[in-house]
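As provided, coords_37.cif (mmCIF, C-alpha atoms and all ligand atoms) reads as follows.
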```cif
data_query
loop_
_atom_site.label_atom_id
_atom_site.label_comp_id
_atom_site.auth_asym_id
_atom_site.auth_seq_id
_atom_site.Cartn_x
_atom_site.Cartn_y
_atom_site.Cartn_z
CA MET A 21 13.97 0.63 20.77
CA LYS A 22 13.31 -2.97 19.61
CA ASP A 23 10.14 -3.11 21.67
CA LYS A 24 8.52 -0.10 20.06
CA ALA A 25 5.77 -0.54 17.47
CA ILE A 26 6.00 -0.31 13.68
CA GLY A 27 4.00 2.68 12.38
CA ILE A 28 2.10 2.21 9.12
CA PHE A 29 -0.09 4.70 7.30
CA ASP A 30 -2.27 4.99 4.23
CA SER A 31 -5.20 7.09 3.06
CA GLY A 32 -7.63 4.39 4.16
CA LEU A 33 -7.95 0.64 4.00
CA GLY A 34 -5.19 0.00 1.45
CA GLY A 35 -2.33 -0.12 3.94
CA LEU A 36 -4.02 -3.06 5.64
CA THR A 37 -2.61 -5.18 2.80
CA ALA A 38 0.82 -4.43 4.31
CA VAL A 39 -0.47 -4.90 7.88
CA ARG A 40 -1.87 -8.34 7.05
CA GLU A 41 1.52 -9.43 5.76
CA ILE A 42 3.45 -7.86 8.67
CA LEU A 43 1.22 -9.71 11.15
CA GLU A 44 1.98 -12.90 9.22
CA ILE A 45 5.76 -12.62 8.88
CA MET A 46 6.53 -10.68 12.10
CA PRO A 47 3.88 -11.87 14.59
CA ASP A 48 5.83 -10.53 17.59
CA GLU A 49 5.67 -6.92 16.40
CA ASP A 50 3.27 -4.30 17.75
CA ILE A 51 1.59 -2.26 15.04
CA ILE A 52 0.19 1.26 15.06
CA TYR A 53 -1.82 1.96 11.92
CA PHE A 54 -3.21 5.27 10.74
CA GLY A 55 -5.84 5.33 7.95
CA ASP A 56 -6.65 8.86 6.78
CA THR A 57 -10.26 7.92 6.07
CA GLY A 58 -11.45 11.50 6.41
CA ARG A 59 -9.31 12.60 3.45
CA VAL A 60 -9.29 9.52 1.20
CA PRO A 61 -8.63 9.37 -1.76
CA TYR A 62 -5.11 10.77 -1.98
CA GLY A 63 -4.58 9.70 -5.59
CA SER A 64 -6.74 12.43 -7.11
CA LYS A 65 -5.24 15.24 -4.99
CA SER A 66 -2.50 17.76 -5.82
CA ARG A 67 1.18 17.18 -5.10
CA ASP A 68 1.05 19.86 -2.36
CA ALA A 69 -1.89 18.21 -0.62
CA ILE A 70 -0.28 14.74 -0.78
CA ASN A 71 2.97 16.13 0.64
CA LYS A 72 1.15 17.81 3.49
CA TYR A 73 -0.88 14.68 4.30
CA ALA A 74 2.20 12.43 4.21
CA ARG A 75 4.03 14.67 6.70
CA GLN A 76 1.04 14.91 9.05
CA ASP A 77 0.47 11.14 8.97
CA ALA A 78 4.14 10.42 9.64
CA ARG A 79 4.34 13.04 12.42
CA PHE A 80 1.35 11.47 14.15
CA LEU A 81 3.02 8.05 14.10
CA LYS A 82 6.30 9.51 15.31
CA LYS A 83 4.47 11.09 18.22
CA MET A 84 3.09 7.65 19.05
CA GLY A 85 6.71 6.56 19.57
CA VAL A 86 7.17 4.06 16.75
CA LYS A 87 10.58 2.63 15.73
CA MET A 88 9.98 2.75 11.97
CA ILE A 89 7.43 4.27 9.61
CA VAL A 90 5.98 2.53 6.56
CA ALA A 91 4.15 4.66 4.01
CA ALA A 92 1.92 1.81 2.84
CA CYS A 93 0.59 4.01 0.08
CA GLY A 94 1.68 4.02 -3.56
CA THR A 95 0.60 7.64 -3.94
CA VAL A 96 2.64 8.97 -1.01
CA SER A 97 5.61 6.82 -2.04
CA SER A 98 5.45 8.21 -5.58
CA VAL A 99 4.84 11.88 -4.83
CA ALA A 100 6.24 12.76 -1.38
CA PRO A 101 9.99 12.65 -0.63
CA ASP A 102 11.68 10.06 1.56
CA LEU A 103 10.99 11.37 5.08
CA SER A 104 13.60 9.39 7.00
CA ASP A 105 15.98 12.31 7.60
CA GLU A 106 13.17 14.67 8.54
CA LEU A 107 11.73 12.13 10.97
CA GLY A 108 15.00 10.73 12.26
CA LEU A 109 13.52 7.25 11.86
CA PRO A 110 13.82 4.39 9.39
CA TYR A 111 11.17 4.97 6.71
CA THR A 112 10.09 3.16 3.59
CA GLY A 113 7.53 3.56 0.86
CA VAL A 114 6.24 0.86 -1.47
CA VAL A 115 7.77 1.68 -4.87
CA ASN A 116 11.30 0.29 -4.55
CA PRO A 117 10.50 -3.08 -2.95
CA THR A 118 7.64 -3.66 -5.40
CA CYS A 119 9.72 -2.83 -8.48
CA TYR A 120 12.52 -5.06 -7.23
CA THR A 121 10.25 -8.11 -7.20
CA ALA A 122 8.56 -7.28 -10.52
CA MET A 123 11.97 -7.05 -12.20
CA GLN A 124 12.88 -10.51 -10.86
CA VAL A 125 9.60 -12.09 -11.87
CA THR A 126 9.05 -10.91 -15.46
CA LYS A 127 10.14 -13.29 -18.20
CA ASN A 128 9.20 -11.28 -21.27
CA GLY A 129 10.30 -7.89 -19.88
CA ARG A 130 6.81 -6.42 -20.35
CA ILE A 131 5.49 -5.06 -17.07
CA GLY A 132 2.13 -3.40 -16.40
CA VAL A 133 1.68 -0.88 -13.61
CA ILE A 134 -1.68 0.15 -12.21
CA GLY A 135 -2.00 2.85 -9.57
CA THR A 136 -3.82 6.02 -8.65
CA ALA A 137 -3.85 9.06 -10.94
CA ALA A 138 -1.08 10.79 -8.95
CA THR A 139 1.08 7.65 -8.96
CA ILE A 140 0.75 7.06 -12.70
CA ASN A 141 1.32 10.75 -13.50
CA SER A 142 4.55 10.64 -11.49
CA HIS A 143 5.80 7.57 -13.48
CA SER A 144 7.52 6.49 -10.26
CA TYR A 145 7.40 2.73 -10.91
CA LYS A 146 8.29 3.09 -14.58
CA LYS A 147 11.29 5.31 -13.81
CA ARG A 148 12.58 2.92 -11.18
CA ILE A 149 12.30 -0.11 -13.48
CA ARG A 150 13.82 1.66 -16.51
CA GLU A 151 16.73 2.89 -14.38
CA LYS A 152 17.72 -0.72 -13.71
CA HIS A 153 16.45 -2.30 -16.92
CA PRO A 154 16.22 0.16 -19.81
CA GLU A 155 15.36 -2.78 -22.08
CA PHE A 156 12.09 -3.52 -20.24
CA GLU A 157 8.81 -2.12 -21.50
CA VAL A 158 6.52 -0.64 -18.86
CA PHE A 159 2.83 0.03 -19.53
CA GLU A 160 0.99 2.28 -17.10
CA LYS A 161 -2.71 2.68 -16.42
CA HIS A 162 -4.38 4.78 -13.78
CA CYS A 163 -7.26 3.06 -12.03
CA GLN A 164 -8.35 5.70 -9.51
CA LEU A 165 -11.89 4.30 -9.56
CA PHE A 166 -10.64 1.04 -7.99
CA VAL A 167 -9.94 2.98 -4.75
CA SER A 168 -13.60 4.00 -4.38
CA PHE A 169 -14.73 0.43 -5.00
CA VAL A 170 -12.39 -0.90 -2.33
CA GLU A 171 -13.28 1.79 0.22
CA ASN A 172 -16.93 0.79 -0.27
CA GLY A 173 -16.24 -2.91 0.14
CA LEU A 174 -16.96 -3.68 -3.52
CA VAL A 175 -14.30 -6.31 -4.15
CA ASP A 176 -16.18 -9.56 -4.83
CA PRO A 177 -14.79 -11.08 -8.04
CA ASP A 178 -18.25 -12.52 -8.79
CA ASP A 179 -19.86 -9.08 -8.65
CA GLU A 180 -20.78 -7.96 -12.17
CA LEU A 181 -19.94 -4.35 -11.48
CA VAL A 182 -16.46 -5.28 -10.25
CA GLN A 183 -15.92 -7.49 -13.32
CA MET A 184 -17.02 -4.74 -15.72
CA MET A 185 -14.73 -2.18 -14.15
CA VAL A 186 -11.73 -4.50 -14.07
CA HIS A 187 -12.36 -5.63 -17.67
CA ARG A 188 -12.45 -2.07 -18.91
CA TYR A 189 -9.40 -0.82 -17.02
CA MET A 190 -7.17 -3.83 -17.67
CA ALA A 191 -7.84 -3.99 -21.44
CA GLU A 192 -4.79 -1.95 -22.47
CA LEU A 193 -2.36 -3.98 -20.37
CA LYS A 194 -3.83 -7.18 -21.76
CA GLU A 195 -3.42 -5.97 -25.34
CA ASN A 196 0.21 -5.14 -24.58
CA ASP A 197 0.92 -8.71 -23.56
CA VAL A 198 2.39 -7.97 -20.12
CA ASP A 199 3.37 -11.04 -18.07
CA THR A 200 3.63 -9.12 -14.76
CA VAL A 201 1.32 -6.50 -13.27
CA ILE A 202 2.34 -4.28 -10.36
CA LEU A 203 -0.60 -3.51 -8.09
CA GLY A 204 0.97 -0.11 -7.45
CA CYS A 205 -1.72 1.11 -5.07
CA THR A 206 -2.06 -0.73 -1.77
CA HIS A 207 -5.83 -0.75 -2.16
CA PHE A 208 -5.61 -2.93 -5.27
CA PRO A 209 -4.61 -6.28 -3.73
CA LEU A 210 -8.17 -6.35 -2.38
CA LEU A 211 -9.26 -6.67 -6.01
CA ALA A 212 -6.51 -9.17 -6.85
CA GLU A 213 -8.82 -12.08 -7.51
CA ALA A 214 -10.93 -10.11 -9.97
CA ILE A 215 -7.79 -8.75 -11.69
CA GLN A 216 -6.18 -12.21 -11.85
CA ARG A 217 -9.29 -13.70 -13.46
CA GLU A 218 -9.33 -10.93 -16.02
CA MET A 219 -5.61 -11.18 -16.85
CA GLY A 220 -5.42 -15.00 -16.76
CA ASP A 221 -3.05 -17.38 -14.98
CA GLY A 222 -0.07 -16.52 -17.16
CA VAL A 223 0.20 -13.09 -15.56
CA THR A 224 1.85 -12.59 -12.16
CA LEU A 225 0.41 -9.90 -9.91
CA ILE A 226 2.83 -8.10 -7.59
CA ASP A 227 1.24 -6.93 -4.36
CA SER A 228 2.83 -3.67 -3.17
CA GLY A 229 1.61 -4.17 0.42
CA LYS A 230 3.16 -7.62 0.65
CA GLU A 231 6.50 -6.68 -0.92
CA THR A 232 6.77 -3.68 1.41
CA ALA A 233 6.12 -5.84 4.47
CA ILE A 234 8.94 -8.17 3.42
CA TYR A 235 11.25 -5.18 2.91
CA THR A 236 10.27 -3.72 6.30
CA LYS A 237 11.37 -6.95 7.97
CA LYS A 238 14.70 -6.75 6.16
CA ILE A 239 15.31 -3.17 7.37
CA LEU A 240 14.42 -4.04 10.97
CA GLU A 241 16.69 -7.09 10.84
CA GLU A 242 19.61 -5.11 9.45
CA ARG A 243 19.28 -2.49 12.17
CA GLY A 244 18.85 -4.97 14.99
CA LEU A 245 15.32 -3.69 15.59
CA LEU A 246 13.37 -6.90 15.03
CA ARG A 247 11.42 -8.08 18.05
CA ASP A 248 11.96 -11.63 19.21
CA SER A 249 9.93 -11.81 22.39
CA GLY A 250 8.01 -14.93 21.34
CA LYS A 251 4.86 -13.08 22.45
CA ARG A 252 2.17 -12.11 19.97
CA GLY A 253 2.21 -8.36 19.24
CA THR A 254 -0.75 -6.00 19.48
CA ALA A 255 -2.35 -3.82 16.80
CA GLN A 256 -3.84 -0.38 17.39
CA TYR A 257 -5.68 1.45 14.62
CA TYR A 258 -6.39 5.18 14.25
CA VAL A 259 -8.60 6.84 11.64
CA SER A 260 -9.46 10.45 10.81
CA ASP A 261 -13.17 9.72 10.15
CA THR A 262 -15.68 7.60 12.06
CA PRO A 263 -14.26 4.24 13.13
CA ALA A 264 -17.46 2.28 12.31
CA ASP A 265 -16.97 1.70 8.57
CA PHE A 266 -13.30 1.06 8.93
CA GLU A 267 -13.98 -1.49 11.64
CA LYS A 268 -16.51 -3.37 9.54
CA PHE A 269 -14.25 -3.76 6.55
CA ALA A 270 -10.93 -4.04 8.37
CA GLY A 271 -12.44 -6.86 10.39
CA LEU A 272 -13.44 -8.75 7.27
CA PHE A 273 -10.13 -8.14 5.62
CA LEU A 274 -7.85 -9.01 8.53
CA LYS A 275 -10.05 -12.01 9.44
CA ASN A 276 -9.03 -13.36 12.88
CA LYS A 277 -6.29 -10.81 13.43
CA PRO A 278 -6.67 -8.25 16.24
CA HIS A 279 -8.63 -5.36 14.85
CA ASN A 280 -10.92 -4.21 17.63
CA ASN A 281 -8.85 -1.23 18.77
CA ILE A 282 -9.89 1.63 16.53
CA GLU A 283 -9.82 5.26 17.59
CA HIS A 284 -10.59 8.55 15.91
CA ILE A 285 -7.96 11.33 15.82
CA ASN A 286 -7.86 14.86 14.44
CA ILE A 287 -4.98 14.63 11.96
CA GLU A 288 -5.00 18.39 11.34
CA GLU A 289 -3.38 18.76 14.76
CA TYR A 290 -0.16 17.15 13.54
N1 LIG A 301 -3.67 3.21 -1.07
C1 LIG A 301 -3.13 4.37 -1.68
C2 LIG A 301 -2.12 4.08 -2.71
O1 LIG A 301 -1.44 3.09 -2.54
C3 LIG A 301 -3.99 5.57 -1.88
C4 LIG A 301 -5.24 5.44 -2.66
C5 LIG A 301 -5.94 6.77 -2.67
O2 LIG A 301 -6.18 7.28 -1.57
O3 LIG A 301 -6.21 7.31 -3.75
O4 LIG A 301 -1.91 4.79 -3.66
#
```

Is it possible to give me this structure as structure tokens?
Amino acid sequence: MKDKAIGIFDSGLGGLTAVREILEIMPDEDIIYFGDTGRVPYGSKSRDAINKYARQDARFLKKMGVKMIVAACGTVSSVAPDLSDELGLPYTGVVNPTCYTAMQVTKNGRIGVIGTAATINSHSYKKRIREKHPEFEVFEKHCQLFVSFVENGLVDPDDELVQMMVHRYMAELKENDVDTVILGCTHFPLLAEAIQREMGDGVTLIDSGKETAIYTKKILEERGLLRDSGKRGTAQYYVSDTPADFEKFAGLFLKNKPHNNIEHINIEEY
């Protein structure tokens, strides 16, 4: 079991923020990633559609024989149920680990959450934080447009268009004097530099991909499933649209990490 891969999925490139961190903190692990590039974005879709996509994505990874599944997607984690029982595999989303860190980090108890439309409408992060800390104030803003920018590689913090968009969408959180901002969509860490510049150094950004990777390691450790072969793991990527665009941007994003194995699949078969 230990030697099986970790399965990770997202609607597109966003989950690579979790992959990058997993490769960093668990270099021995094999990774199987599915990016549903043919159906991105998830965040503007109905609850029924998101539920269906989440199940298909997870079933595909299960069929690939993984030992654990990570829904590296704020939208799926907010809208779809926990699929661990259904799958018979350890499973995690991004909401709980991300909220946990944000609650530790905030000093003034004023936390901003940005995510997709579906995530913000579900109030998943806010509910989780208020459950533990009813005294904290949570300010939510949906930034669905950020997903399109990221999917098109528009993330340069010096790009005027990126700056304008970030300035406009972050204004409310700035006015509300938050000291912590949850990047509640895994696509958003790709815009972290632009968001940090806009919010200023006094604000801590919490990266949902990174926090989820750390939590994934904890689960594997607890269950005795962590690999310790001392051999570098491999990464295999699957997408539901043409691999070319994904390859270009995934390559840039993951830098020297293995990213040359990208295959197309028909997700409707799962
Ligand atoms: N990366 C995803 C998330 O974390 C989905 C973005 C989208 O497809 O709208 O919410």

query = What is the distance between CA of Arg188 in chain A and CA of Ile140 in chain A, in Å to one decimal?
reply = 17.2 Å

Who sits within 6 Å of range 54-61 of chain A, all atoms listed in the file, same chain under 2 positions skipped, as a list in words = Phe29, Asp30, Ser31, Gly32, Gly63, Tyr257, Tyr258, Val259, Ser260 and Asp261 of chain A

query = Pick from A:Thr139, A:Gln256, A:Ser97, A:Thr224: nearest to Met123 in chain A, with only C-alpha atoms counted?
reply =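 That would be A:Thr224, the residue with the smallest distance to Met123 in chain A.
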
ask   = Quick one: of A:Asn196, A:Thr236, A:Asn281, A:Thr118, who's nearest to Met219 in chain A, counting all atoms listed in the file?
value =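 For Met219 in chain A, the nearest of the given residues is A:Asn196.
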
request  = Collect all residues with atoms no farther than 9 Å from ligand LIG 301 (chain A), counting only C-alpha atoms and all ligand atoms, and output them as a VMD selection string.
outcome  = chain A and resid 30 to 35 56 to 57 59 to 65 91 to 98 114 135 to 139 164 to 168 203 to 208 228 to 229

key: Using all atoms listed in the file: which of A:Leu181, A:Met46, A:Ala38, A:Leu81 has the shortest distance to Asp248 in chain A   =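 Smallest separation from Asp248 in chain A among the options: A:Met46.
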
task = Compile the contact shell of Asp50 in chain A as a PyMOL selection string: residues with an atom at most 7 Å away, counting all atoms listed in the file, same-chain residues fewer than 3 positions apart removed.
result = chain A and resi 25-26+253-255

Store the residues picked out above, limited to C-alpha atoms, as a CSV table (one decimal), in the frame of the given file.
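Here's the written file selection30.csv:
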```csv
chain,number,residue,atom,x,y,z
A,25,ALA,CA,5.8,-0.5,17.5
A,26,ILE,CA,6.0,-0.3,13.7
A,253,GLY,CA,2.2,-8.4,19.2
A,254,THR,CA,-0.8,-6.0,19.5
A,255,ALA,CA,-2.4,-3.8,16.8
```

key: Between CA of Asp221 in chain A and CA of Asp197 in chain A, distance in Å (one decimal)   = 12.8 Å
